[in-house]
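J.: My file is run_9.cif. It has mmCIF, C-alpha atoms, pLDDT in the B column; chains and numbers go by the auth columns:
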data_work
#
loop_
_atom_site.group_PDB
_atom_site.id
_atom_site.type_symbol
_atom_site.label_atom_id
_atom_site.label_comp_id
_atom_site.label_asym_id
_atom_site.label_seq_id
_atom_site.Cartn_x
_atom_site.Cartn_y
_atom_site.Cartn_z
_atom_site.B_iso_or_equiv
_atom_site.auth_seq_id
_atom_site.auth_asym_id
ATOM 1 C CA MET A 1 0.000 0.000 0.000 63.00 1 T
ATOM 2 C CA ILE A 2 1.308 3.457 -0.887 71.00 2 T
ATOM 3 C CA ASP A 3 1.431 5.905 2.013 77.00 3 T
ATOM 4 C CA THR A 4 0.439 9.124 0.230 76.00 4 T
ATOM 5 C CA ASP A 5 0.998 11.143 3.418 79.00 5 T
ATOM 6 C CA LYS A 6 4.745 10.925 2.878 79.00 6 T
ATOM 7 C CA TYR A 7 4.341 13.118 -0.231 78.00 7 T
ATOM 8 C CA GLU A 8 2.720 16.010 1.635 80.00 8 T
ATOM 9 C CA GLY A 9 4.713 19.166 0.997 79.00 9 T
ATOM 10 C CA HIS A 10 5.919 18.094 -2.457 78.00 10 T
ATOM 11 C CA THR A 11 6.233 20.697 -5.205 79.00 11 T
ATOM 12 C CA GLU A 12 2.715 21.194 -6.518 80.00 12 T
ATOM 13 C CA GLY A 13 2.034 20.256 -10.134 81.00 13 T
ATOM 14 C CA PRO A 14 1.703 20.528 -12.949 81.00 14 T
ATOM 15 C CA TRP A 15 5.253 19.618 -13.847 79.00 15 T
ATOM 16 C CA TYR A 16 6.693 19.894 -17.358 76.00 16 T
ATOM 17 C CA LEU A 17 9.299 18.471 -19.664 72.00 17 T
ATOM 18 C CA ILE A 18 10.958 21.142 -21.773 69.00 18 T
ATOM 19 C CA GLY A 19 12.629 20.017 -24.959 64.00 19 T
ATOM 20 C CA ALA A 20 15.170 17.229 -24.822 64.00 20 T
ATOM 21 C CA GLN A 21 16.605 18.326 -21.493 66.00 21 T
ATOM 22 C CA GLN A 22 17.095 15.855 -18.677 71.00 22 T
ATOM 23 C CA ILE A 23 15.248 18.155 -16.280 79.00 23 T
ATOM 24 C CA VAL A 24 11.630 18.321 -15.082 82.00 24 T
ATOM 25 C CA TYR A 25 10.291 21.782 -14.207 85.00 25 T
ATOM 26 C CA ASP A 26 7.447 23.034 -12.037 84.00 26 T
ATOM 27 C CA LYS A 27 4.769 25.482 -13.212 86.00 27 T
ATOM 28 C CA ASP A 28 7.090 28.445 -12.470 88.00 28 T
ATOM 29 C CA ASN A 29 9.889 26.945 -14.598 86.00 29 T
ATOM 30 C CA ASN A 30 11.966 26.002 -11.564 87.00 30 T
ATOM 31 C CA PRO A 31 13.947 22.765 -12.019 85.00 31 T
ATOM 32 C CA ILE A 32 12.657 20.103 -9.627 83.00 32 T
ATOM 33 C CA ALA A 33 14.142 16.832 -10.889 79.00 33 T
ATOM 34 C CA GLU A 34 16.964 15.686 -13.104 77.00 34 T
ATOM 35 C CA VAL A 35 16.756 12.337 -14.833 69.00 35 T
ATOM 36 C CA GLU A 36 19.844 10.273 -15.445 63.00 36 T
ATOM 37 C CA TYR A 37 20.542 9.665 -19.122 57.00 37 T
ATOM 38 C CA PHE A 38 20.201 6.060 -20.231 49.00 38 T
ATOM 39 C CA ALA A 39 21.951 4.458 -23.181 45.00 39 T
ATOM 40 C CA GLN A 40 18.687 4.317 -25.094 49.00 40 T
ATOM 41 C CA GLU A 41 17.218 7.808 -25.308 55.00 41 T
ATOM 42 C CA HIS A 42 13.604 6.622 -25.163 57.00 42 T
ATOM 43 C CA HIS A 43 14.140 5.269 -21.619 59.00 43 T
ATOM 44 C CA SER A 44 15.115 8.737 -20.474 63.00 44 T
ATOM 45 C CA TYR A 45 12.038 10.265 -22.107 68.00 45 T
ATOM 46 C CA TYR A 46 9.671 7.784 -20.453 70.00 46 T
ATOM 47 C CA ASN A 47 11.317 8.302 -17.062 70.00 47 T
ATOM 48 C CA LYS A 48 10.936 12.060 -17.400 73.00 48 T
ATOM 49 C CA ALA A 49 7.331 11.681 -18.548 77.00 49 T
ATOM 50 C CA LEU A 50 6.535 9.508 -15.534 78.00 50 T
ATOM 51 C CA ILE A 51 8.159 12.008 -13.181 82.00 51 T
ATOM 52 C CA ALA A 52 6.277 14.875 -14.829 82.00 52 T
ATOM 53 C CA ASP A 53 2.970 13.036 -14.332 87.00 53 T
ATOM 54 C CA ALA A 54 3.664 12.244 -10.657 89.00 54 T
ATOM 55 C CA PRO A 55 1.342 14.982 -9.317 89.00 55 T
ATOM 56 C CA LEU A 56 -1.468 13.709 -11.560 89.00 56 T
ATOM 57 C CA LEU A 57 -0.901 10.116 -10.467 89.00 57 T
ATOM 58 C CA LEU A 58 -0.882 11.105 -6.790 90.00 58 T
ATOM 59 C CA ALA A 59 -4.096 13.110 -7.221 90.00 59 T
ATOM 60 C CA GLU A 60 -5.756 10.135 -8.919 90.00 60 T
ATOM 61 C CA VAL A 61 -4.743 7.754 -6.121 90.00 61 T
ATOM 62 C CA LYS A 62 -6.223 10.149 -3.564 90.00 62 T
ATOM 63 C CA ARG A 63 -9.424 10.581 -5.617 91.00 63 T
ATOM 64 C CA LEU A 64 -9.919 6.843 -5.981 89.00 64 T
ATOM 65 C CA ARG A 65 -9.276 6.204 -2.295 89.00 65 T
ATOM 66 C CA GLU A 66 -11.850 8.816 -1.328 90.00 66 T
ATOM 67 C CA GLY A 67 -14.400 7.243 -3.692 89.00 67 T
ATOM 68 C CA ILE A 68 -13.764 3.785 -2.267 87.00 68 T
ATOM 69 C CA LYS A 69 -14.074 5.174 1.266 86.00 69 T
ATOM 70 C CA GLN A 70 -17.455 6.740 0.442 87.00 70 T
ATOM 71 C CA MET A 71 -18.686 3.506 -1.153 85.00 71 T
ATOM 72 C CA ALA A 72 -17.536 1.518 1.887 84.00 72 T
ATOM 73 C CA GLU A 73 -19.415 3.845 4.219 83.00 73 T
ATOM 74 C CA ASN A 74 -22.574 3.562 2.100 82.00 74 T
ATOM 75 C CA CYS A 75 -22.355 -0.225 2.081 81.00 75 T
ATOM 76 C CA GLU A 76 -21.706 -0.352 5.791 71.00 76 T
ATOM 77 C CA TYR A 77 -24.752 1.723 6.685 73.00 77 T
ATOM 78 C CA ASN A 78 -27.213 0.837 3.926 74.00 78 T
ATOM 79 C CA SER A 79 -26.844 -2.565 2.419 73.00 79 T
ATOM 80 C CA ASN A 80 -23.863 -4.829 2.838 75.00 80 T
ATOM 81 C CA PRO A 81 -21.457 -4.419 5.762 74.00 81 T
ATOM 82 C CA TYR A 82 -19.264 -7.242 4.436 75.00 82 T
ATOM 83 C CA LEU A 83 -18.699 -5.393 1.171 81.00 83 T
ATOM 84 C CA GLY A 84 -18.022 -2.226 3.152 78.00 84 T
ATOM 85 C CA ASP A 85 -15.347 -4.040 5.151 80.00 85 T
ATOM 86 C CA ALA A 86 -13.786 -5.422 1.974 80.00 86 T
ATOM 87 C CA LEU A 87 -13.676 -1.967 0.420 80.00 87 T
ATOM 88 C CA LYS A 88 -12.094 -0.504 3.540 80.00 88 T
ATOM 89 C CA GLU A 89 -9.342 -3.118 3.311 81.00 89 T
ATOM 90 C CA LEU A 90 -8.490 -1.820 -0.169 77.00 90 T
ATOM 91 C CA ILE A 91 -7.567 1.597 1.154 77.00 91 T
ATOM 92 C CA GLU A 92 -5.926 0.693 4.463 77.00 92 T
#
Written as structure tokens, how would this file's structure read?
T.:
Amino acid sequence: MIDTDKYEGHTEGPWYLIGAQQIVYDKDNNPIAEVEYFAQEHHSYYNKALIADAPLLLAEVKRLREGIKQMAENCEYNSNPYLGDALKELIE
């Protein structure tokens, strides 16, 4: 399970790749990460793209967890407490 709390205080997104540089920038064009060059250039691009999308991925994890939590609470109180418990296990 990913502990998203450990990312609190990170540089807020969006983050950007600019040209063929090995650097990822924040929205104010401040460098925030440098990616090591790999022998095959496409590896470096995909690593940078993944780093640049990190704020989006973190936001999606948080959104999905909140949705699962709400569904679990609805199940617990309205229809199926066993399903609610199972859903809670997904986010703990």
J.: Between T:Leu56, T:Leu83, T:Ile2, T:Cys75, which residue has the minimum interatomic distance to Trp15 of chain T, considering all atoms listed in the file?
T.: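 Using all atoms listed in the file, the shortest distance to Trp15 of chain T belongs to T:Leu56.
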J.: Name every residue that the PyMOL selection byres ((chain T and resi 3-13) around 9) selects in this structure, writing the answer as a PyMOL selection string with chains first and numbers rising.
T.: chain T and resi 1-2+14-16+26-27+32+52-56+58+61-62
J.: Translate the PyMOL selection byres ((chain T and resi 24) around 9) into a concrete residue list for this structure, as a PyMOL selection string.
T.: chain T and resi 15-18+21-23+25-26+29-35+48-49+51-52
J.: Applied to this file, what does the PyMOL selection byres ((chain T and resi 86) around 12) return in terms of residues, put as a ChimeraX atom specification?
T.: /T:68-69,71-73,75-76,80-85,87-92
J.: Show me, as AutoDock Vina command-line options, the centre and edge lengths in Å to one decimal of the axis-aligned box that covers every listed atom of segment 45-50 of chain T with 6 Å on each side.
T.:
--center_x 9.3 --center_y 9.9 --center_z -18.8 --size_x 17.5 --size_y 16.3 --size_z 18.6
